$ cat run22.txt   # compact mmCIF, C-alpha atoms
# COMPACT_ATOMS: atom_id res chain seq x y z
CA MET A 1 -10.37 70.50 12.62
CA VAL A 2 -6.88 69.03 12.15
CA MET A 3 -6.98 65.73 10.24
CA ARG A 4 -5.01 62.87 11.74
CA LYS A 5 -2.02 61.97 9.59
CA ILE A 6 -1.47 58.47 8.22
CA ARG A 7 1.27 56.93 10.39
CA VAL A 8 3.83 54.93 8.40
CA LEU A 9 6.59 52.53 9.44
CA CYS A 10 9.27 51.95 6.76
CA VAL A 11 11.20 48.67 6.81
CA ASP A 12 14.23 48.38 4.51
CA ASP A 13 17.79 47.16 5.00
CA SER A 14 19.13 50.12 2.99
CA ALA A 15 19.74 53.25 5.08
CA LEU A 16 19.48 55.32 1.89
CA VAL A 17 16.06 53.90 1.01
CA ARG A 18 14.82 54.40 4.57
CA SER A 19 15.96 58.02 4.45
CA LEU A 20 14.43 58.65 1.01
CA MET A 21 11.11 57.02 1.91
CA ALA A 22 10.91 59.12 5.06
CA GLU A 23 11.71 62.28 3.09
CA ILE A 24 9.07 61.48 0.45
CA ILE A 25 6.33 60.48 2.90
CA ASN A 26 6.94 63.40 5.25
CA SER A 27 6.69 65.82 2.31
CA HIS A 28 2.97 65.02 2.03
CA PRO A 29 0.85 66.87 4.60
CA ASP A 30 -1.51 63.96 5.27
CA MET A 31 1.10 61.35 6.26
CA GLU A 32 4.22 60.92 8.36
CA VAL A 33 6.90 58.33 9.06
CA VAL A 34 6.71 57.45 12.76
CA ALA A 35 9.68 55.05 12.66
CA VAL A 36 12.06 53.16 10.36
CA ALA A 37 13.53 49.67 10.75
CA PRO A 38 16.48 47.89 9.07
CA ASP A 39 14.86 44.44 9.30
CA PRO A 40 11.63 42.67 10.32
CA LEU A 41 12.83 41.79 13.82
CA VAL A 42 13.31 45.46 14.69
CA ALA A 43 10.06 46.25 12.88
CA ARG A 44 8.15 43.79 15.05
CA ASP A 45 8.97 45.76 18.19
CA LEU A 46 8.30 49.12 16.50
CA ILE A 47 4.85 47.96 15.37
CA LYS A 48 3.98 47.26 18.99
CA GLN A 49 5.41 50.60 20.09
CA TYR A 50 3.97 52.91 17.41
CA ASN A 51 0.90 51.04 16.09
CA PRO A 52 1.36 52.41 12.53
CA ASP A 53 -1.48 52.64 10.00
CA VAL A 54 0.65 51.41 7.09
CA LEU A 55 3.87 49.42 6.77
CA THR A 56 6.22 49.71 3.79
CA LEU A 57 8.25 46.52 3.52
CA ASP A 58 11.33 45.59 1.50
CA VAL A 59 11.27 42.19 -0.20
CA GLU A 60 14.85 41.01 0.43
CA MET A 61 16.28 41.66 3.90
CA PRO A 62 18.68 40.09 6.40
CA ARG A 63 17.63 38.07 9.47
CA MET A 64 14.12 37.45 8.10
CA ASP A 65 12.84 37.42 4.54
CA GLY A 66 10.15 39.99 3.73
CA LEU A 67 7.72 37.27 2.63
CA ASP A 68 8.17 35.25 5.82
CA PHE A 69 7.55 38.36 7.89
CA LEU A 70 4.51 39.33 5.81
CA GLU A 71 3.00 35.86 6.17
CA ARG A 72 3.41 35.94 9.97
CA LEU A 73 2.15 39.51 10.18
CA MET A 74 -1.03 38.81 8.23
CA ARG A 75 -1.72 35.78 10.38
CA LEU A 76 -1.04 37.37 13.77
CA ARG A 77 -1.62 41.12 13.34
CA PRO A 78 -3.15 42.01 9.96
CA MET A 79 -2.31 45.53 8.79
CA PRO A 80 -1.99 47.37 5.47
CA VAL A 81 1.39 46.62 3.84
CA VAL A 82 2.93 48.17 0.72
CA MET A 83 5.88 46.14 -0.62
CA VAL A 84 8.98 47.96 -1.91
CA SER A 85 10.59 45.81 -4.60
CA SER A 86 13.44 45.98 -7.09
CA LEU A 87 12.32 45.12 -10.61
CA THR A 88 13.96 41.78 -11.36
CA ASP A 89 12.40 38.56 -12.64
CA ARG A 90 12.87 36.98 -9.23
CA ASN A 91 11.51 39.96 -7.35
CA SER A 92 8.48 40.28 -9.61
CA ASP A 93 7.59 36.66 -8.76
CA ILE A 94 8.12 37.40 -5.06
CA THR A 95 6.03 40.56 -5.26
CA ILE A 96 3.10 38.70 -6.84
CA ARG A 97 3.40 36.17 -4.03
CA ALA A 98 3.39 39.03 -1.48
CA LEU A 99 0.10 40.32 -2.91
CA GLU A 100 -1.25 36.79 -2.60
CA LEU A 101 -0.21 36.75 1.06
CA GLY A 102 -2.10 39.95 1.79
CA ALA A 103 0.05 42.96 0.83
CA VAL A 104 -2.17 45.75 -0.49
CA ASP A 105 0.16 47.04 -3.21
CA PHE A 106 3.80 47.53 -4.17
CA VAL A 107 6.28 50.21 -5.22
CA THR A 108 9.12 49.46 -7.62
CA LYS A 109 12.61 50.62 -6.71
CA PRO A 110 14.32 52.13 -9.78
CA ARG A 111 17.31 50.18 -11.09
CA LEU A 112 19.46 53.28 -11.62
CA GLY A 113 19.55 56.66 -9.92
CA LEU A 114 17.84 55.48 -6.74
CA ARG A 115 17.41 58.92 -5.20
CA ASP A 116 16.08 60.70 -8.31
CA GLY A 117 14.01 57.67 -9.28
CA LEU A 118 12.27 57.36 -5.92
CA MET A 119 11.71 61.12 -5.76
CA GLU A 120 9.93 60.94 -9.14
CA TYR A 121 7.63 58.33 -7.56
CA SER A 122 6.70 60.66 -4.69
CA ASP A 123 3.04 61.14 -5.68
CA LEU A 124 2.67 57.47 -6.64
CA ILE A 125 4.08 56.33 -3.28
CA ALA A 126 1.73 58.70 -1.46
CA ASP A 127 -1.27 57.44 -3.46
CA LYS A 128 -0.43 53.83 -2.63
CA ILE A 129 -0.05 54.64 1.07
CA ARG A 130 -3.41 56.45 1.07
CA ALA A 131 -5.05 53.47 -0.63
CA ALA A 132 -3.42 51.10 1.86
CA ALA A 133 -4.63 53.21 4.79
CA MET A 134 -8.20 52.91 3.44
CA SER A 135 -7.93 49.17 2.85
CA ARG A 136 -9.35 46.28 4.84
CA PRO A 137 -6.57 43.83 5.69
CA ARG A 138 -7.87 40.38 6.52
CA ARG A 139 -6.44 37.91 8.99
CA ARG A 140 -4.73 35.16 7.06
CA LEU A 141 -5.05 31.65 8.46
CA ALA A 142 -2.12 29.23 8.18
CA LYS A 143 -4.17 26.99 5.88
CA ASP A 144 -4.77 29.90 3.48
CA SER A 145 -1.20 29.71 2.21
CA GLN A 146 -1.65 26.10 1.11
CA PRO A 147 -3.38 25.25 -2.18
CA SER A 148 -6.84 23.83 -1.60
CA GLU A 149 -7.14 20.13 -2.46
CA ALA A 150 -10.85 20.50 -3.17
CA LYS A 151 -11.24 23.76 -5.07
CA ARG A 152 -14.76 24.80 -5.91
CA MET A 153 -14.95 24.45 -9.67
CA LEU A 154 -17.84 25.58 -11.85
CA THR A 155 -19.09 24.08 -15.07
CA ARG A 156 -21.60 25.47 -17.50
CA SER A 157 -22.85 24.85 -21.02
CA PHE A 158 -23.00 27.93 -23.21
CA SER A 159 -25.59 28.81 -25.83
CA THR A 160 -23.12 31.07 -27.62
CA THR A 161 -19.37 31.59 -27.84
CA GLU A 162 -19.87 35.26 -28.66
CA LYS A 163 -20.17 36.39 -25.04
CA LEU A 164 -17.17 38.36 -23.78
CA ILE A 165 -16.24 39.19 -20.20
CA MET A 166 -14.43 42.46 -19.46
CA ILE A 167 -12.79 42.88 -16.04
CA GLY A 168 -11.14 45.96 -14.53
CA ALA A 169 -9.27 46.20 -11.22
CA SER A 170 -6.64 48.15 -9.32
CA THR A 171 -5.54 48.04 -5.65
CA GLY A 172 -6.25 44.57 -4.28
CA GLY A 173 -7.09 43.36 -7.77
CA THR A 174 -4.48 40.65 -8.25
CA GLU A 175 -6.04 38.44 -5.60
CA ALA A 176 -9.60 39.39 -6.60
CA ILE A 177 -8.85 38.42 -10.21
CA ARG A 178 -7.39 35.09 -9.09
CA GLN A 179 -10.52 34.36 -7.06
CA VAL A 180 -12.74 35.15 -10.05
CA LEU A 181 -10.75 33.11 -12.59
CA GLU A 182 -9.79 30.06 -10.56
CA PRO A 183 -13.24 28.40 -10.44
CA LEU A 184 -14.01 29.00 -14.13
CA PRO A 185 -14.20 26.04 -16.53
CA ALA A 186 -11.93 25.64 -19.55
CA ASN A 187 -14.86 26.44 -21.89
CA SER A 188 -15.56 29.86 -20.35
CA PRO A 189 -16.26 32.82 -22.61
CA ALA A 190 -13.24 34.91 -23.58
CA ILE A 191 -12.07 37.29 -20.86
CA MET A 192 -10.12 40.54 -21.21
CA ILE A 193 -8.62 42.14 -18.10
CA THR A 194 -7.09 45.50 -17.31
CA GLN A 195 -5.33 45.50 -13.94
CA HIS A 196 -3.36 48.60 -12.95
CA MET A 197 0.19 47.27 -12.78
CA PRO A 198 3.61 48.68 -13.71
CA ALA A 199 5.72 47.31 -16.54
CA GLY A 200 7.63 44.15 -15.75
CA PHE A 201 5.18 42.51 -13.34
CA THR A 202 2.40 41.34 -15.65
CA ARG A 203 4.33 38.31 -16.89
CA SER A 204 4.78 36.90 -13.38
CA PHE A 205 1.11 37.52 -12.63
CA VAL A 206 0.04 35.79 -15.86
CA GLN A 207 2.27 32.78 -15.16
CA ARG A 208 0.83 32.47 -11.67
CA LEU A 209 -2.76 32.64 -12.92
CA ASP A 210 -2.11 30.22 -15.77
CA SER A 211 -0.72 27.64 -13.33
CA LEU A 212 -3.85 27.87 -11.14
CA CYS A 213 -6.68 28.15 -13.67
CA GLN A 214 -8.40 25.89 -16.19
CA VAL A 215 -8.70 28.80 -18.60
CA GLN A 216 -5.51 29.71 -20.47
CA VAL A 217 -4.08 33.07 -19.35
CA HIS A 218 -1.96 35.27 -21.63
CA GLU A 219 -0.20 38.60 -21.50
CA ALA A 220 -2.12 40.26 -24.33
CA GLU A 221 -0.42 40.83 -27.70
CA HIS A 222 -1.52 43.21 -30.44
CA GLY A 223 -3.63 41.44 -33.07
CA GLN A 224 -4.20 38.32 -30.94
CA ARG A 225 -7.55 36.62 -31.59
CA VAL A 226 -9.94 36.73 -28.63
CA LEU A 227 -11.13 33.17 -28.12
CA PRO A 228 -13.32 31.29 -25.62
CA GLY A 229 -11.38 29.55 -22.86
CA HIS A 230 -8.67 32.23 -22.95
CA VAL A 231 -7.88 35.23 -20.74
CA TYR A 232 -6.00 38.29 -22.03
CA LEU A 233 -4.30 40.58 -19.51
CA ALA A 234 -3.24 44.07 -20.61
CA PRO A 235 0.56 44.45 -20.37
CA GLY A 236 1.28 46.59 -17.31
CA GLY A 237 2.52 50.14 -17.78
CA ILE A 238 3.00 49.79 -21.54
CA ALA A 239 -0.24 50.11 -23.51
CA HIS A 240 -3.99 50.46 -23.29
CA MET A 241 -5.91 47.36 -24.36
CA ARG A 242 -9.00 47.60 -26.55
CA LEU A 243 -11.41 45.10 -28.04
CA ALA A 244 -11.36 45.35 -31.83
CA ARG A 245 -12.62 43.39 -34.83
CA SER A 246 -10.81 41.87 -37.76
CA GLY A 247 -13.44 40.60 -40.16
CA ALA A 248 -15.71 38.26 -38.19
CA ASN A 249 -13.22 37.85 -35.33
CA TYR A 250 -12.63 39.76 -32.13
CA VAL A 251 -8.98 40.72 -31.66
CA VAL A 252 -6.80 42.49 -29.11
CA GLU A 253 -5.69 46.01 -29.94
CA LEU A 254 -2.83 47.53 -27.93
CA GLU A 255 -2.28 51.28 -28.10
CA GLU A 256 0.67 53.15 -26.57
CA SER A 257 -1.20 56.43 -26.17
CA GLU A 258 -1.26 58.81 -23.20
CA PRO A 259 -2.51 57.62 -19.77
CA VAL A 260 -6.26 57.88 -19.10
CA ASN A 261 -7.35 58.65 -15.53
CA ARG A 262 -3.58 58.66 -14.79
CA HIS A 263 -3.36 55.00 -15.82
CA ARG A 264 -1.95 53.04 -18.73
CA PRO A 265 -3.52 50.57 -19.18
CA SER A 266 -6.85 52.15 -18.28
CA VAL A 267 -10.04 50.24 -17.46
CA ASP A 268 -12.16 52.93 -19.11
CA VAL A 269 -10.36 52.37 -22.43
CA LEU A 270 -11.12 48.63 -22.34
CA PHE A 271 -14.74 49.06 -21.24
CA ASN A 272 -15.47 51.79 -23.81
CA SER A 273 -14.13 49.57 -26.59
CA ALA A 274 -16.33 46.69 -25.38
CA ALA A 275 -19.38 48.98 -25.40
CA GLU A 276 -18.61 49.96 -28.99
CA MET A 277 -17.61 46.56 -30.37
CA ALA A 278 -19.61 44.00 -28.39
CA GLY A 279 -22.63 45.87 -26.98
CA LYS A 280 -25.07 43.50 -25.29
CA ASN A 281 -22.76 40.51 -25.92
CA ALA A 282 -20.35 41.73 -23.22
CA ILE A 283 -20.39 41.50 -19.44
CA GLY A 284 -18.54 44.23 -17.52
CA VAL A 285 -17.04 43.54 -14.09
CA LEU A 286 -15.39 46.23 -11.96
CA LEU A 287 -13.38 44.93 -9.01
CA THR A 288 -11.57 46.48 -6.04
CA GLY A 289 -9.40 49.55 -6.59
CA MET A 290 -8.56 53.12 -5.65
CA GLY A 291 -9.95 55.99 -7.73
CA LYS A 292 -12.60 56.08 -10.44
CA ASP A 293 -11.06 54.43 -13.51
CA GLY A 294 -13.64 52.13 -15.11
CA ALA A 295 -16.80 53.78 -13.78
CA GLN A 296 -17.63 55.79 -16.92
CA GLY A 297 -16.61 52.88 -19.16
CA LEU A 298 -18.89 50.53 -17.22
CA LEU A 299 -21.72 53.03 -17.72
CA ALA A 300 -21.01 53.04 -21.46
CA MET A 301 -21.20 49.23 -21.45
CA LYS A 302 -24.53 49.32 -19.57
CA ASN A 303 -25.95 51.89 -21.99
CA ALA A 304 -24.89 49.62 -24.88
CA GLY A 305 -26.91 46.75 -23.39
CA ALA A 306 -24.24 44.86 -21.47
CA LEU A 307 -24.78 43.35 -18.03
CA THR A 308 -22.59 45.25 -15.55
CA LEU A 309 -21.39 44.07 -12.14
CA ALA A 310 -19.38 45.74 -9.38
CA GLN A 311 -17.67 44.07 -6.43
CA ASP A 312 -19.50 44.84 -3.19
CA GLU A 313 -18.00 46.98 -0.45
CA ALA A 314 -17.61 44.24 2.16
CA SER A 315 -15.35 42.10 -0.06
CA CYS A 316 -13.24 44.93 -1.57
CA VAL A 317 -9.73 45.71 -0.34
CA VAL A 318 -10.44 49.30 -1.50
CA PHE A 319 -14.01 50.21 -2.50
CA GLY A 320 -13.08 53.25 -4.64
CA MET A 321 -13.68 52.13 -8.23
CA PRO A 322 -16.79 49.99 -7.58
CA ARG A 323 -18.24 52.74 -5.38
CA GLU A 324 -17.83 55.30 -8.17
CA ALA A 325 -19.54 52.97 -10.63
CA LEU A 326 -22.46 52.29 -8.29
CA ALA A 327 -22.81 56.02 -7.52
CA ILE A 328 -23.45 56.88 -11.19
CA GLY A 329 -25.70 53.88 -11.81
CA ALA A 330 -23.14 52.11 -14.01
CA ALA A 331 -23.46 48.71 -12.28
CA ASP A 332 -26.60 46.60 -12.43
CA GLN A 333 -25.59 44.82 -9.24
CA ALA A 334 -23.07 44.84 -6.39
CA VAL A 335 -21.80 41.27 -6.01
CA PRO A 336 -19.65 39.72 -3.26
CA LEU A 337 -16.30 38.50 -4.61
CA SER A 338 -17.08 34.94 -3.46
CA GLU A 339 -20.13 34.89 -5.76
CA MET A 340 -18.68 36.75 -8.75
CA SER A 341 -17.52 33.74 -10.82
CA GLU A 342 -20.90 32.05 -10.56
CA ARG A 343 -22.76 35.29 -11.31
CA ILE A 344 -20.65 35.83 -14.43
CA LEU A 345 -21.25 32.31 -15.71
CA ALA A 346 -24.96 32.46 -14.92
CA SER A 347 -25.15 35.61 -17.04
CA ALA A 348 -23.07 34.20 -19.89
CA GLY A 349 -24.44 30.65 -20.06
CA SER A 350 -27.74 28.94 -20.59
CA PHE A 351 -27.60 26.50 -17.71
CA GLY A 352 -25.12 24.86 -15.37
CA HIS A 353 -24.29 23.23 -12.09
CA ARG A 354 -21.49 23.06 -9.51
CA VAL A 355 -19.06 20.19 -9.35
$ encode --input "run22.txt" --output "C-alpha cells"
Amino acid sequence: MVMRKIRVLCVDDSALVRSLMAEIINSHPDMEVVAVAPDPLVARDLIKQYNPDVLTLDVEMPRMDGLDFLERLMRLRPMPVVMVSSLTDRNSDITIRALELGAVDFVTKPRLGLRDGLMEYSDLIADKIRAAAMSRPRRRLAKDSQPSEAKRMLTRSFSTTEKLIMIGASTGGTEAIRQVLEPLPANSPAIMITQHMPAGFTRSFVQRLDSLCQVQVHEAEHGQRVLPGHVYLAPGGIAHMRLARSGANYVVELEESEPVNRHRPSVDVLFNSAAEMAGKNAIGVLLTGMGKDGAQGLLAMKNAGALTLAQDEASCVVFGMPREALAIGAADQAVPLSEMSERILASAGSFGHRV
C-alpha cells in the first residue's frame, strides 16, 4: 500500500529559500511541497486550494508579519506550523512568541552559506515536519493571546527543601513548560529542565519564563548551586546538563560531550544524573515531544525511588516521548498538562491549598 505523503506549503519572501525548502522536502520520500508562497496573503489562498498538512512560515515578511498571520491562522484555521527563523536576538524573541501562539517548532536559517547550511539541515527539517504532521494544533481564542488577570496560582508548605524536580521536553515543550511553571509558588523545590532547543534561543525563552513566573528562571551555568525557588534550563545546543554534588550542595554540571539520542542537551543525561545523585528525593516529569529521549532516564529515576510522571496523550502536542516512557513502565502516572503543576507540588510538599 502506498503511504500518503505529508503535504507541505512553504511561505517565505526569499525565492532562494522557497526553492531550497522545496528541494529539501521533496528529497524525502514521505513528504512533498504542494505549493510555495512569497507572503501570507498568497499563502491564505493556497491553504484553501491545497489544504496542506504542514505550513513552514518565515518570521519577517512583507504585506503581513509572520506572527500576525500565525495568530489569525491559529484562531480561524488551526494547522501545524513550523517557523523558519534567522538567528538574531530579535528573531529569537519573535520565535519564542510564535511557539506561544501555537507554532509546533522552528528551523533556524544559517547566517552564512544559506544553501549549504539549509542542505545540512535536511534531516532536521524533515524530522520537524514529521513531528508537526503528527501534532494536534489547537484553536486559539482571541483572549488566549492576552495575559490572564486572574492566573491560577498554587501555594504549598514543604517539609523539606531537598526535593528536586527534573523536567524533560521537546516538540511543543516551550508552552508546556510555561504552563507547568507559571502557577508554581516562589518557594517551590528546585527545578532542572532539559528542553530540546538549538543554541541561541534559550536566553529568550528563559527571559520570557522569568517575566511570567514567581520562581526565578536561569539559563544554567556550570557549577551553579541548585536552590529552591529557582529553575535551571539547559543551554540549547551547547551542553548536556547533569545534577552533581559539591560537598553538601547540589550543583549544575554542564558537559560538552557528544549528542545522546541525537540531542544535546539530552533528557536522558539529566534524568540519569538525577537517579544517581538524588534517588527518591527527585520527581521526574516527561512532557510532550517527538522521539524517545528521556524514557530510559525516567525509568532509571523510577528504579532509584523517584516519583515519575508523563504528560497524557490528550494534552500533548506530540505524544512520542511520554508514550515511550509509559510503554516501558517508566512513568508512575500519565497526567494532563492542566493538572501537572498541582500533581508535582502535591508530591513534593506536605500540604497545601489553591489561592
$ residues_around --input "run22.txt" --residues "Leu16 in chain A" --least-positions-apart "5" --cutoff "12 Å" --atoms "only C-alpha atoms" --output "list of chain:residue names"
A:Cys10, A:Val11, A:Met21, A:Ala22, A:Glu23, A:Val36, A:Pro38, A:Lys109, A:Gly113, A:Leu114, A:Arg115, A:Leu118
$ residues_around --input "run22.txt" --residues "Ser85 in chain A" --least-positions-apart "2" --cutoff "8 Å" --atoms "only C-alpha atoms" --output "NGL selection string"
:A and (58-59 or 83 or 87 or 91-92 or 95 or 106-109)
$ write_last_selection --input "run22.txt" --atoms "C-alpha atoms" --output "JSON list (two decimals), in the frame of the given file"
[["chain", "number", "residue", "atom", "x", "y", "z"],
["A", 58, "ASP", "CA", 11.33, 45.59, 1.50],
["A", 59, "VAL", "CA", 11.27, 42.19, -0.20],
["A", 83, "MET", "CA", 5.88, 46.14, -0.62],
["A", 87, "LEU", "CA", 12.32, 45.12, -10.61],
["A", 91, "ASN", "CA", 11.51, 39.96, -7.35],
["A", 92, "SER", "CA", 8.48, 40.28, -9.61],
["A", 95, "THR", "CA", 6.03, 40.56, -5.26],
["A", 106, "PHE", "CA", 3.80, 47.53, -4.17],
["A", 107, "VAL", "CA", 6.28, 50.21, -5.22],
["A", 108, "THR", "CA", 9.12, 49.46, -7.62],
["A", 109, "LYS", "CA", 12.61, 50.62, -6.71]]
$ atom_distance --input "run22.txt" --atom1 "CA of Leu57 in chain A" --atom2 "CA of Thr194 in chain A"
25.9 Å
$ closest_residue --input "run22.txt" --among "A:Glu276, A:Glu253, A:Asp13, A:Asp30" --to "Val42 in chain A" --atoms "all atoms listed in the file"
A:Asp13
$ atom_distance --input "run22.txt" --atom1 "CA of Ala186 in chain A" --atom2 "CA of Ala234 in chain A"
20.4 Å
$ closest_residue --input "run22.txt" --among "A:Leu164, A:Val226, A:Met197, A:Leu154" --to "Ile238 in chain A" --atoms "only C-alpha atoms"
A:Met197
$ closest_residue --input "run22.txt" --among "A:Ser204, A:Asn187, A:Gln333, A:Ser19" --to "Arg97 in chain A" --atoms "all atoms listed in the file"
A:Ser204
$ closest_residue --input "run22.txt" --among "A:Ala330, A:Met119, A:Val33, A:Val82" --to "Ala310 in chain A" --atoms "all atoms listed in the file"
A:Ala330
$ residues_around --input "run22.txt" --residues "Glu162 in chain A" --least-positions-apart "2" --cutoff "12 Å" --atoms "only C-alpha atoms" --output "number ranges by chain"
A: 158-160, 164-165, 188-191, 226-229, 248-250, 277-283, 348-349
$ closest_residue --input "run22.txt" --among "A:Leu67, A:Met192, A:Leu101, A:Ala327" --to "His240 in chain A" --atoms "all atoms listed in the file"
A:Met192
$ residues_around --input "run22.txt" --residues "Asn303 in chain A" --least-positions-apart "2" --cutoff "12 Å" --atoms "all atoms listed in the file" --output "list in words"
Phe271, Asn272, Ala274, Ala275, Glu276, Ala278, Gly279, Lys280, Ala282, Gly284, Gln296, Gly297, Leu298, Leu299, Ala300, Met301, Gly305, Ala306, Leu307, Thr308, Gly329, Ala330, Ala331 and Asp332 of chain A
$ residues_around --input "run22.txt" --residues "Ile125 in chain A" --least-positions-apart "3" --cutoff "8 Å" --atoms "all atoms listed in the file" --output "ChimeraX atom specification"
/A:25,107,121-122,128-129
$ atom_distance --input "run22.txt" --atom1 "CA of Val180 in chain A" --atom2 "CA of Gly168 in chain A"
11.8 Å
$ closest_residue --input "run22.txt" --among "A:Met79, A:Leu337, A:Cys213, A:Leu326" --to "Ala314 in chain A" --atoms "all atoms listed in the file"
A:Leu337
$ decode --input "run22.txt" --residues "range 65-89 of chain A" --atoms "N, CA and C atoms" --output "compact mmCIF listing (two decimals), in the first residue's frame"
# COMPACT_ATOMS: atom_id res chain seq x y z
N ASP A 65 3.11 40.49 8.70
CA ASP A 65 4.12 39.88 9.55
C ASP A 65 3.77 38.41 9.82
N GLY A 66 4.79 37.57 9.92
CA GLY A 66 4.57 36.15 10.16
C GLY A 66 3.79 35.87 11.44
N LEU A 67 4.05 36.67 12.50
CA LEU A 67 3.35 36.48 13.76
C LEU A 67 1.87 36.84 13.64
N ASP A 68 1.59 37.94 12.95
CA ASP A 68 0.18 38.34 12.76
C ASP A 68 -0.58 37.25 12.01
N PHE A 69 0.07 36.73 10.97
CA PHE A 69 -0.58 35.67 10.18
C PHE A 69 -0.79 34.42 11.02
N LEU A 70 0.24 34.05 11.79
CA LEU A 70 0.14 32.86 12.64
C LEU A 70 -1.00 33.00 13.65
N GLU A 71 -1.09 34.18 14.27
CA GLU A 71 -2.14 34.40 15.26
C GLU A 71 -3.53 34.24 14.64
N ARG A 72 -3.73 34.81 13.46
CA ARG A 72 -5.02 34.69 12.76
C ARG A 72 -5.28 33.24 12.35
N LEU A 73 -4.24 32.59 11.85
CA LEU A 73 -4.38 31.22 11.38
C LEU A 73 -4.81 30.29 12.52
N MET A 74 -4.16 30.43 13.68
CA MET A 74 -4.46 29.53 14.79
C MET A 74 -5.82 29.83 15.41
N ARG A 75 -6.34 31.00 15.14
CA ARG A 75 -7.67 31.34 15.63
C ARG A 75 -8.76 30.86 14.68
N LEU A 76 -8.47 30.96 13.37
CA LEU A 76 -9.51 30.70 12.36
C LEU A 76 -9.41 29.32 11.73
N ARG A 77 -8.17 28.84 11.50
CA ARG A 77 -7.99 27.54 10.86
C ARG A 77 -6.73 26.88 11.40
N PRO A 78 -6.78 26.35 12.61
CA PRO A 78 -5.57 25.79 13.23
C PRO A 78 -4.96 24.69 12.37
N MET A 79 -3.63 24.77 12.19
CA MET A 79 -2.91 23.74 11.45
C MET A 79 -1.47 23.72 11.94
N PRO A 80 -0.76 22.62 11.72
CA PRO A 80 0.64 22.54 12.17
C PRO A 80 1.53 23.51 11.41
N VAL A 81 2.28 24.33 12.15
CA VAL A 81 3.16 25.35 11.56
C VAL A 81 4.57 25.18 12.12
N VAL A 82 5.56 25.16 11.22
CA VAL A 82 6.97 25.18 11.60
C VAL A 82 7.53 26.53 11.16
N MET A 83 8.02 27.33 12.11
CA MET A 83 8.58 28.64 11.78
C MET A 83 9.99 28.48 11.21
N VAL A 84 10.34 29.35 10.27
CA VAL A 84 11.68 29.38 9.69
C VAL A 84 12.27 30.74 10.04
N SER A 85 13.29 30.75 10.91
CA SER A 85 13.75 31.99 11.51
C SER A 85 15.25 32.17 11.37
N SER A 86 15.68 33.41 11.12
CA SER A 86 17.10 33.75 11.19
C SER A 86 17.49 33.88 12.66
N LEU A 87 18.69 33.50 12.99
CA LEU A 87 19.13 33.55 14.39
C LEU A 87 19.67 34.94 14.71
N THR A 88 18.80 35.79 15.20
CA THR A 88 19.19 37.10 15.73
C THR A 88 18.48 37.24 17.07
N ASP A 89 18.95 38.18 17.89
CA ASP A 89 18.31 38.38 19.20
C ASP A 89 16.83 38.70 19.02
